[in-house]
Each structure stands twice: as C-alpha cells, then as structure tokens.
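Student: This is the structure I have questions about; it appears just below.
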Amino acid sequence: MLEEGLSRLSAYLLYLTPGFLLCALWFWLTPKHQAGMRILVLLLTFVLLRDAMTPQGLWSLSDQVQIAFIANPLVLAALGLLSLALIALLARVAPELWALLVWRRGNVGLGLFLGLLAGLAIGLPLRLYQGNGFDVSGLWFGGLLVLAYGGNALEEVLFRGMLQGHLEQHTSALRAALGSAVAFAACHAFLALSVTQVGWPILAFTLIEGLLCALLRMRYGIFAAIAAHGTAILLIAVPMSQG
C-alpha cells in the first residue's frame, strides 16, 4: 500500500509540475495591488491541481455525480494534507489576500451545524439515488475524511475566502456570494465538458453546492462552508474499482 501510494503521488506531482511552476511564476509576476488578477491565477492553479487528478487515475466522475476516489487511503490522506499545506503557504506568500478571509461570523457552533445539515441536504439525496451503501469502517474512509475536509478547505479558502471576500469590497454581500457561487460552477466547466465529458449534471451540482456554501460563508464564515462542502463530498464518494 505504501509503495503504491508513493508511486501514484510521485507520478501525479511530476505530471502537474510544469503547469504548476508556470502558474506560480504568473502569480509572482502579478503586482500585489492587482488582487483580483492574483485571485484568478490562484483559481486557475487550483483547477489544474484538481483536473490533473483525473488522467492520473486518482478519481473519476459518473453522470450521476458520483465521485470514485482511488482505493489507496494513503494517497487520499496525502492529498488532503497537501491541500492544508498549500493553505499555510498562501498565508505566508499572499498576506494581503489572506486578510480577505472571514473564518467565522456569528455563532460558530450554529454555523458548523447548519453547514453539516447543508452538506447532508446536498449529498444524501444523491447517495440514495445512486443506491450505494455507505461503509464508514476501514482505512479508506479515514483517508477520505482527510481529503474531503482538508482538500475542500483549500477550495473554500479560494472561492469563499479570497474571491468572495474580494467581491464584498466592491459590491453587496449577497451579490458577492452569488458571484462566488457562479465562479465556482464555471471553474468546473472544463472538468464537466472536457476532462470527464459528464456535462451538465456536474455544473448543476456545483452551482447548487456553491450557492449553499457561499450563503453559509456570508452568514457564518468559511468554517461553515467547509463543513457543508466536505460533508457533501464525503456522502457521494465511493472507492474506485480495482478492475
């Protein structure tokens, strides 16, 4: 398991390195006062990191919006931890964008509770429709937990943290939330229409998910949005078939 996991992770990192380095150079060359452009570069970099997982066989998507992740739990946990490391790196290299983040607002406990409920509302109907059981035992589910919440924490920091926070400086909180949600869905267009060719189900799902997460961020902060996003992904994920 360990040898296979290291091999798959190495192949993935090597595969995306040229594009990642170009994005990093683009980000470095963009003046700090152009916050909107720097955020756009970060979003495109995230799309690269996510979509490169598909040809590397780390995940796949079905037309029922079911996500199949690689069966190796070490790979899943490593990807989640890598996402958390990138969040820490952003705090260091982009403090002016980090200042846009609203981690919590209002009642934190209530926000997390509503985030979990929103995640259930998004993911549970799909899980029931797909007709698959849900096994919370074993190492794979442990790795999935790290990826679902750690990996999606990075996505929420970028879309609900930096983008939505930046938009709030230029328009109303509600319009900023709507802009964040639409941008979130639009950034899945290449995944939906080219990488996987699943099409509109992915766009519809991500638009609904994005709207709920954006509204949670507006009222309760990023932690609530992470709870919703991570829970939804956790519910619709299954191990990838070895065959």
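Residues are named by chain letter and number: chains run A, B, ... in the order of the structure tokens, numbers start at 1 in each chain, and ligands are numbered from 1 in the order shown.
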Find the residues near Val108 in chain A: any atom within 9 Å, counting only C-alpha atoms, skip ones fewer than 4 places away on the same chain, and give them as an MDAnalysis selection string.
Tutor: chainID A and resid 104 112:113 220:221 223:224
Student: Find the residues near range 1-3 of chain A: any atom within 7 Å, counting only C-alpha atoms, skip ones fewer than 3 places away on the same chain, and give them as a list of chain:residue names.
Tutor: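 Contacts, in chain order: A:Leu6, A:Ser7, A:Asn72.
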Student: Store the residues picked out above, limited to all heavy atoms, as a compact mmCIF listing (two decimals), in the first residue's frame.
Tutor:
```
# COMPACT_ATOMS: atom_id res chain seq x y z
N LEU A 6 3.10 5.94 -2.75
CA LEU A 6 4.19 6.85 -3.08
C LEU A 6 4.39 6.95 -4.59
O LEU A 6 4.68 8.03 -5.13
CB LEU A 6 5.48 6.37 -2.41
CG LEU A 6 5.53 6.50 -0.88
CD1 LEU A 6 6.81 5.90 -0.33
CD2 LEU A 6 5.40 7.96 -0.45
N SER A 7 4.22 5.82 -5.26
CA SER A 7 4.37 5.81 -6.72
C SER A 7 3.29 6.66 -7.39
O SER A 7 3.58 7.45 -8.30
CB SER A 7 4.30 4.37 -7.23
OG SER A 7 4.33 4.34 -8.64
N ASN A 72 -6.53 3.60 -2.49
CA ASN A 72 -5.40 3.69 -1.56
C ASN A 72 -5.63 4.83 -0.57
O ASN A 72 -5.62 6.00 -0.96
CB ASN A 72 -4.11 3.92 -2.34
CG ASN A 72 -2.87 3.77 -1.48
OD1 ASN A 72 -2.77 4.38 -0.42
ND2 ASN A 72 -1.92 2.98 -1.94
```
Student: Residues within 8 Å of range 149-158 of chain A, please, as a list in words. Count only C-alpha atoms; anything in the same chain fewer than 6 positions from it doesn't count.
Tutor: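 With the cut-off at 8 Å, the set is Ile39, Leu42, Leu43, Phe46, Leu79, Gly80, Leu81, Leu82, Ser83, Leu84, Leu86, Ile87, Leu101, Ile222, Ala225, Ile226, Ala227, His229, Gly230 and Thr231 of chain A.
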Student: Let's have the selection written as a CSV table (one decimal), in the first residue's frame, with N, CA, C and O atoms.
Tutor:
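Final output, result_4.csv:
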```csv
chain,number,residue,atom,x,y,z
A,39,ILE,N,-6.0,36.5,-7.5
A,39,ILE,CA,-7.0,35.5,-7.1
A,39,ILE,C,-7.4,34.6,-8.3
A,39,ILE,O,-7.5,33.4,-8.2
A,42,LEU,N,-4.8,32.1,-8.8
A,42,LEU,CA,-4.9,31.0,-7.8
A,42,LEU,C,-6.0,30.0,-8.1
A,42,LEU,O,-5.9,28.8,-8.0
A,43,LEU,N,-7.1,30.6,-8.6
A,43,LEU,CA,-8.3,29.7,-9.0
A,43,LEU,C,-7.9,28.8,-10.2
A,43,LEU,O,-8.2,27.6,-10.2
A,46,PHE,N,-5.7,26.1,-8.9
A,46,PHE,CA,-6.4,25.0,-8.3
A,46,PHE,C,-7.1,24.1,-9.3
A,46,PHE,O,-7.2,22.9,-9.1
A,79,LEU,N,-3.2,13.8,-0.2
A,79,LEU,CA,-3.8,14.8,-1.0
A,79,LEU,C,-4.5,15.9,-0.1
A,79,LEU,O,-4.4,17.1,-0.3
A,80,GLY,N,-5.2,15.4,1.0
A,80,GLY,CA,-5.8,16.3,1.9
A,80,GLY,C,-4.8,17.1,2.7
A,80,GLY,O,-5.0,18.3,2.9
A,81,LEU,N,-3.7,16.5,3.1
A,81,LEU,CA,-2.7,17.2,3.9
A,81,LEU,C,-1.9,18.1,3.0
A,81,LEU,O,-1.5,19.2,3.4
A,82,LEU,N,-1.7,17.8,1.7
A,82,LEU,CA,-1.1,18.7,0.7
A,82,LEU,C,-1.9,19.9,0.6
A,82,LEU,O,-1.4,21.0,0.5
A,83,SER,N,-3.2,19.8,0.6
A,83,SER,CA,-4.1,20.9,0.4
A,83,SER,C,-4.0,21.9,1.7
A,83,SER,O,-3.9,23.1,1.5
A,84,LEU,N,-3.9,21.3,2.8
A,84,LEU,CA,-3.7,22.1,4.0
A,84,LEU,C,-2.4,22.8,4.0
A,84,LEU,O,-2.3,23.9,4.5
A,86,LEU,N,-0.8,23.8,1.3
A,86,LEU,CA,-1.0,24.9,0.4
A,86,LEU,C,-1.7,26.1,1.0
A,86,LEU,O,-1.4,27.3,0.7
A,87,ILE,N,-2.7,25.8,1.9
A,87,ILE,CA,-3.3,26.9,2.6
A,87,ILE,C,-2.3,27.6,3.5
A,87,ILE,O,-2.3,28.9,3.5
A,101,LEU,N,-10.0,36.8,4.2
A,101,LEU,CA,-10.7,35.6,4.7
A,101,LEU,C,-11.5,35.9,6.0
A,101,LEU,O,-11.0,36.6,6.9
A,222,ILE,N,-16.1,30.9,6.7
A,222,ILE,CA,-15.6,29.8,5.9
A,222,ILE,C,-15.7,28.5,6.6
A,222,ILE,O,-15.9,27.5,5.9
A,225,ALA,N,-18.8,26.9,5.6
A,225,ALA,CA,-18.8,26.4,4.2
A,225,ALA,C,-18.0,25.2,4.0
A,225,ALA,O,-18.3,24.3,3.2
A,226,ILE,N,-16.9,25.1,4.7
A,226,ILE,CA,-16.0,23.8,4.7
A,226,ILE,C,-16.8,22.6,5.2
A,226,ILE,O,-16.8,21.6,4.6
A,227,ALA,N,-17.6,22.8,6.3
A,227,ALA,CA,-18.4,21.7,6.8
A,227,ALA,C,-19.4,21.3,5.8
A,227,ALA,O,-19.6,20.0,5.6
A,229,HIS,N,-19.3,21.7,2.3
A,229,HIS,CA,-18.6,21.1,1.2
A,229,HIS,C,-18.0,19.8,1.4
A,229,HIS,O,-18.2,18.8,0.7
A,230,GLY,N,-17.3,19.7,2.5
A,230,GLY,CA,-16.7,18.4,2.9
A,230,GLY,C,-17.7,17.3,3.1
A,230,GLY,O,-17.5,16.1,2.7
A,231,THR,N,-18.8,17.6,3.8
A,231,THR,CA,-19.8,16.6,4.1
A,231,THR,C,-20.5,16.1,2.8
A,231,THR,O,-20.7,14.9,2.6
```
Student: Counting only C-alpha atoms, which of A:Met240, A:Ala11, A:Leu216, A:Ala232 gets nearest to Gly106 in chain A?
Tutor: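 Using only C-alpha atoms, Gly106 in chain A sits closest to A:Leu216.
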Student: Report the distance between CA of Gly142 in chain A and CA of Gly115 in chain A in Å, rounded to one decimal place.
Tutor: 20.5 Å
Student: Write out as JSON, numbers by chain the residues lying within 9 Å of range 181-191 of chain A, counting only C-alpha atoms and excluding same-chain residues fewer than 4 positions away.
Tutor: {"A": [43, 44, 47, 50, 51, 54, 159, 160, 163, 164, 176, 177, 195, 196, 197, 198, 199, 200, 202, 203, 204, 205, 206, 207, 208, 209, 210, 211, 212, 213, 214, 215]}
Student: Let's have the selection written as a CSV table (one decimal), in the first residue's frame, with N, CA and C atoms.
Tutor:
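That gives us part-v1.csv:
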```csv
chain,number,residue,atom,x,y,z
A,43,LEU,N,-7.1,30.6,-8.6
A,43,LEU,CA,-8.3,29.7,-9.0
A,43,LEU,C,-7.9,28.8,-10.2
A,44,LEU,N,-7.2,29.4,-11.2
A,44,LEU,CA,-6.8,28.5,-12.3
A,44,LEU,C,-5.7,27.5,-11.9
A,47,VAL,N,-7.7,24.7,-10.3
A,47,VAL,CA,-8.3,23.9,-11.4
A,47,VAL,C,-7.3,22.9,-12.0
A,50,ARG,N,-6.7,20.1,-9.4
A,50,ARG,CA,-7.8,19.2,-9.3
A,50,ARG,C,-8.0,18.3,-10.6
A,51,ASP,N,-8.0,19.0,-11.8
A,51,ASP,CA,-8.3,18.3,-13.0
A,51,ASP,C,-7.1,17.3,-13.4
A,54,THR,N,-7.6,13.5,-12.6
A,54,THR,CA,-8.4,12.6,-13.5
A,54,THR,C,-7.5,11.7,-14.4
A,159,PHE,N,-12.4,30.2,-3.1
A,159,PHE,CA,-13.6,30.7,-3.6
A,159,PHE,C,-14.4,31.5,-2.6
A,160,ARG,N,-14.7,31.0,-1.4
A,160,ARG,CA,-15.5,31.6,-0.4
A,160,ARG,C,-14.6,32.6,0.4
A,163,LEU,N,-12.0,35.0,-3.1
A,163,LEU,CA,-12.8,35.6,-4.1
A,163,LEU,C,-14.0,36.3,-3.5
A,164,GLN,N,-14.8,35.6,-2.7
A,164,GLN,CA,-16.0,36.3,-2.1
A,164,GLN,C,-15.6,37.5,-1.2
A,176,ALA,N,-21.9,39.4,-4.0
A,176,ALA,CA,-20.6,38.7,-3.8
A,176,ALA,C,-20.7,37.2,-3.7
A,177,ALA,N,-21.7,36.8,-2.9
A,177,ALA,CA,-22.0,35.4,-2.7
A,177,ALA,C,-22.4,34.7,-4.0
A,195,VAL,N,-12.7,17.1,-19.5
A,195,VAL,CA,-11.9,16.1,-18.8
A,195,VAL,C,-12.7,14.8,-18.6
A,196,THR,N,-14.0,15.0,-18.2
A,196,THR,CA,-14.8,13.8,-17.9
A,196,THR,C,-16.0,13.6,-18.9
A,197,GLN,N,-16.4,14.7,-19.6
A,197,GLN,CA,-17.5,14.7,-20.5
A,197,GLN,C,-18.8,14.2,-19.9
A,198,VAL,N,-18.9,14.4,-18.6
A,198,VAL,CA,-20.2,14.1,-17.9
A,198,VAL,C,-21.2,15.2,-18.2
A,199,GLY,N,-20.8,16.5,-18.4
A,199,GLY,CA,-21.7,17.5,-18.8
A,199,GLY,C,-22.4,18.2,-17.7
A,200,TRP,N,-23.7,18.6,-18.0
A,200,TRP,CA,-24.5,19.5,-17.2
A,200,TRP,C,-24.7,19.0,-15.8
A,202,ILE,N,-22.7,17.9,-13.5
A,202,ILE,CA,-21.7,18.4,-12.7
A,202,ILE,C,-21.9,19.9,-12.5
A,203,LEU,N,-22.2,20.6,-13.6
A,203,LEU,CA,-22.4,22.1,-13.5
A,203,LEU,C,-23.6,22.4,-12.6
A,204,ALA,N,-24.7,21.6,-12.7
A,204,ALA,CA,-25.9,21.9,-11.8
A,204,ALA,C,-25.5,21.6,-10.4
A,205,PHE,N,-24.9,20.5,-10.1
A,205,PHE,CA,-24.5,20.1,-8.8
A,205,PHE,C,-23.6,21.2,-8.1
A,206,THR,N,-22.5,21.6,-8.9
A,206,THR,CA,-21.6,22.6,-8.3
A,206,THR,C,-22.2,23.9,-8.1
A,207,LEU,N,-23.2,24.3,-9.0
A,207,LEU,CA,-23.9,25.6,-8.8
A,207,LEU,C,-24.7,25.6,-7.5
A,208,ILE,N,-25.5,24.5,-7.3
A,208,ILE,CA,-26.2,24.4,-6.0
A,208,ILE,C,-25.3,24.3,-4.8
A,209,GLU,N,-24.3,23.5,-4.9
A,209,GLU,CA,-23.3,23.4,-3.8
A,209,GLU,C,-22.7,24.8,-3.5
A,210,GLY,N,-22.3,25.4,-4.6
A,210,GLY,CA,-21.6,26.7,-4.5
A,210,GLY,C,-22.5,27.8,-3.9
A,211,LEU,N,-23.8,27.8,-4.2
A,211,LEU,CA,-24.8,28.7,-3.6
A,211,LEU,C,-24.9,28.5,-2.1
A,212,LEU,N,-25.1,27.3,-1.7
A,212,LEU,CA,-25.2,27.0,-0.3
A,212,LEU,C,-24.0,27.4,0.5
A,213,CYS,N,-22.8,27.0,-0.1
A,213,CYS,CA,-21.6,27.3,0.6
A,213,CYS,C,-21.3,28.8,0.7
A,214,ALA,N,-21.7,29.5,-0.4
A,214,ALA,CA,-21.5,31.0,-0.4
A,214,ALA,C,-22.4,31.7,0.6
A,215,LEU,N,-23.6,31.2,0.7
A,215,LEU,CA,-24.6,31.8,1.7
A,215,LEU,C,-24.1,31.5,3.1
```
Student: So what do you get for CA of Leu48 in chain A versus CA of Leu126 in chain A, distance-wise?
Tutor: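 Interatomic distance, CA of Leu48 in chain A to CA of Leu126 in chain A: 26.4 Å.
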Student: Name the residues in contact with Ser241 in chain A at a cut-off of 12 Å, using only C-alpha atoms, excluding same-chain residues fewer than 4 positions from it; report them as a PyMOL selection string.
Tutor: chain A and resi 57-60+67-72
Student: Using the selection just defined, write its residues with N, CA and C atoms as an mmCIF file, in the first residue's frame.
Tutor:
```cif
data_model
loop_
_atom_site.group_PDB
_atom_site.id
_atom_site.type_symbol
_atom_site.label_atom_id
_atom_site.label_comp_id
_atom_site.auth_asym_id
_atom_site.auth_seq_id
_atom_site.Cartn_x
_atom_site.Cartn_y
_atom_site.Cartn_z
ATOM 1 N N GLY A 57 -5.632 8.937 -12.740
ATOM 2 C CA GLY A 57 -6.379 7.836 -12.151
ATOM 3 C C GLY A 57 -6.595 7.945 -10.657
ATOM 4 N N LEU A 58 -6.602 9.179 -10.129
ATOM 5 C CA LEU A 58 -6.811 9.361 -8.694
ATOM 6 C C LEU A 58 -8.287 9.495 -8.354
ATOM 7 N N TRP A 59 -9.084 9.871 -9.339
ATOM 8 C CA TRP A 59 -10.521 9.924 -9.135
ATOM 9 C C TRP A 59 -11.233 9.871 -10.487
ATOM 10 N N SER A 60 -12.535 9.613 -10.459
ATOM 11 C CA SER A 60 -13.358 9.656 -11.665
ATOM 12 C C SER A 60 -14.753 10.098 -11.264
ATOM 13 N N ILE A 67 -18.524 10.409 -7.151
ATOM 14 C CA ILE A 67 -17.075 10.527 -7.240
ATOM 15 C C ILE A 67 -16.441 9.234 -6.750
ATOM 16 N N ALA A 68 -15.650 8.619 -7.606
ATOM 17 C CA ALA A 68 -14.902 7.429 -7.211
ATOM 18 C C ALA A 68 -13.449 7.826 -6.999
ATOM 19 N N PHE A 69 -12.958 7.673 -5.777
ATOM 20 C CA PHE A 69 -11.582 8.009 -5.446
ATOM 21 C C PHE A 69 -10.729 6.750 -5.414
ATOM 22 N N ILE A 70 -9.462 6.915 -5.685
ATOM 23 C CA ILE A 70 -8.517 5.821 -5.641
ATOM 24 C C ILE A 70 -8.655 5.064 -4.320
ATOM 25 N N ALA A 71 -8.517 3.761 -4.379
ATOM 26 C CA ALA A 71 -8.771 2.933 -3.199
ATOM 27 C C ALA A 71 -7.656 2.988 -2.169
ATOM 28 N N ASN A 72 -6.530 3.595 -2.492
ATOM 29 C CA ASN A 72 -5.403 3.689 -1.562
ATOM 30 C C ASN A 72 -5.634 4.830 -0.568
#
```
Student: Near range 17-22 of chain A, within 9 Å and counting only C-alpha atoms, which residues show up once chain neighbours fewer than 3 positions away are dropped, as a ChimeraX atom specification?
Tutor: /A:12-14,25-27,45,48-49
Student: For the residues in that selection, give me C-alpha atoms as a PDB file, in the first residue's frame.
Tutor:
```
ATOM      1  CA  TYR A  12       0.805  12.954 -10.073  1.00  0.00           C
ATOM      2  CA  LEU A  13       3.206  15.600  -8.752  1.00  0.00           C
ATOM      3  CA  LEU A  14       5.609  15.092 -11.661  1.00  0.00           C
ATOM      4  CA  LEU A  25       5.595  32.370 -11.917  1.00  0.00           C
ATOM      5  CA  TRP A  26       2.456  34.121 -13.217  1.00  0.00           C
ATOM      6  CA  PHE A  27       1.308  34.726  -9.642  1.00  0.00           C
ATOM      7  CA  THR A  45      -3.925  26.882 -10.400  1.00  0.00           C
ATOM      8  CA  LEU A  48      -5.007  22.487 -12.670  1.00  0.00           C
ATOM      9  CA  LEU A  49      -4.328  20.630  -9.408  1.00  0.00           C
TER      10      LEU A  49
END
```
Student: So the first atom is CA of Leu9 in chain A and the second is CA of Ala77 in chain A; what is the distance between them in Å, to one decimal place?
Tutor: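 Computed distance, CA of Leu9 in chain A to CA of Ala77 in chain A, equals 11.0 Å.
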Student: Considering only C-alpha atoms, can you say which of A:Ala94, A:Leu117, A:Leu74, A:Ile233 comes closest to Gln34 in chain A?
Tutor: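 Closest to Gln34 in chain A, using only C-alpha atoms: A:Ala94.
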Student: Rank nothing, just name the residue among A:Pro201, A:Gly165, A:Pro239, A:Gly179 nearest to Trp98 in chain A, using only C-alpha atoms.
Tutor: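 Nearest to Trp98 in chain A: A:Gly165.
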